[in-house]
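J.: Got a structure for you, written out below as C-alpha cells; questions coming shortly.
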Amino acid sequence: MISDTENPFFKPLWRRLAIIAFCAGWAGFEFYHGNNSWGWITLAITGYAVWTFLVSYKADEDTASPPADEG
C-alpha cells in the first residue's frame with residue numbers, strides 16, 4: 001500500500017520545502033495577529049511537515065544510487 005508521502009507530487013524537494021515554508025508562514029501570521037492557539041496548532045503542523053518531508057522522507061528506490069558491482 002502506498003502512503004500519502006509516497007505520492008509522486010512530493011518527489012521534488014522544492015515542493016516539500018514550499019509546503020513547510022507555507023505552514024511556517026501561516027504560523028507566523030497567526031502569532032502576529034494574536035491568535036496564539038492557532039499559532040501553536042500551525043506550528044505543530046509545521047513540525048510534522050518537517051519530520052515527514054525532510055527527516056523521515058524516503059526517496060524511491062528508482063532514484064537511489066545504483067548498487068556497487070560485486071565482481
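Residue numbers start at 1 in each chain; chains themselves are named A, B, ... in the order of the C-alpha cells; ligands are numbered from 1 in the order shown.
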Can you tell me, as a PyMOL selection string, what residues are no more than 10 Å from stretch 37-44 of chain A when counting only C-alpha atoms, ignoring any on the same chain fewer than 6 positions away?

T.: chain A and resi 23-31+50

J.: Can I get the selected residues back with N, CA, C and O atoms, as a compact mmCIF listing (two decimals), in the first residue's frame?

T.:
# COMPACT_ATOMS: atom_id res chain seq x y z
N CYS A 23 3.48 26.50 5.77
CA CYS A 23 2.99 26.22 7.13
C CYS A 23 3.65 27.13 8.15
O CYS A 23 3.00 27.64 9.07
N ALA A 24 4.96 27.35 8.01
CA ALA A 24 5.66 28.24 8.94
C ALA A 24 5.16 29.68 8.79
O ALA A 24 4.98 30.39 9.79
N GLY A 25 4.92 30.11 7.56
CA GLY A 25 4.38 31.44 7.34
C GLY A 25 2.99 31.60 7.93
O GLY A 25 2.65 32.64 8.49
N TRP A 26 2.20 30.57 7.80
CA TRP A 26 0.85 30.59 8.37
C TRP A 26 0.93 30.71 9.89
O TRP A 26 0.18 31.48 10.50
N ALA A 27 1.84 29.95 10.50
CA ALA A 27 2.01 30.04 11.96
C ALA A 27 2.44 31.45 12.36
O ALA A 27 1.91 32.01 13.33
N GLY A 28 3.38 32.01 11.63
CA GLY A 28 3.81 33.38 11.92
C GLY A 28 2.68 34.37 11.78
O GLY A 28 2.54 35.30 12.59
N PHE A 29 1.84 34.22 10.76
CA PHE A 29 0.68 35.08 10.55
C PHE A 29 -0.26 35.00 11.75
O PHE A 29 -0.76 36.03 12.23
N GLU A 30 -0.52 33.79 12.22
CA GLU A 30 -1.43 33.62 13.36
C GLU A 30 -0.84 34.26 14.63
O GLU A 30 -1.57 34.92 15.37
N PHE A 31 0.43 34.05 14.88
CA PHE A 31 1.06 34.66 16.05
C PHE A 31 1.06 36.18 15.95
O PHE A 31 0.83 36.88 16.93
N VAL A 50 8.02 19.05 8.68
CA VAL A 50 9.49 18.92 8.66
C VAL A 50 9.87 17.46 8.88
O VAL A 50 10.72 16.91 8.17

J.: Just the number, please: distance in Å from atom CA of A:Ala59 to atom CA of A:Ile45, one decimal.

T.: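 Computed distance, atom CA of A:Ala59 to atom CA of A:Ile45, equals 21.8 Å.
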
J.: Please return, as a PyMOL selection string, all residues of stretch 10-60 of chain A that DSSP assigns to alpha helix (DSSP H) on the basis of the backbone.

T.: chain A and resi 13-32+36-50

J.: So that I can check the surroundings of A:Asp4, please list as a PyMOL selection string every protein, DNA and RNA residue that reaches within 12 Å of it, counting only C-alpha atoms and ignoring chain neighbours fewer than 6 positions away.

T.: chain A and resi 10-11+52-53+57
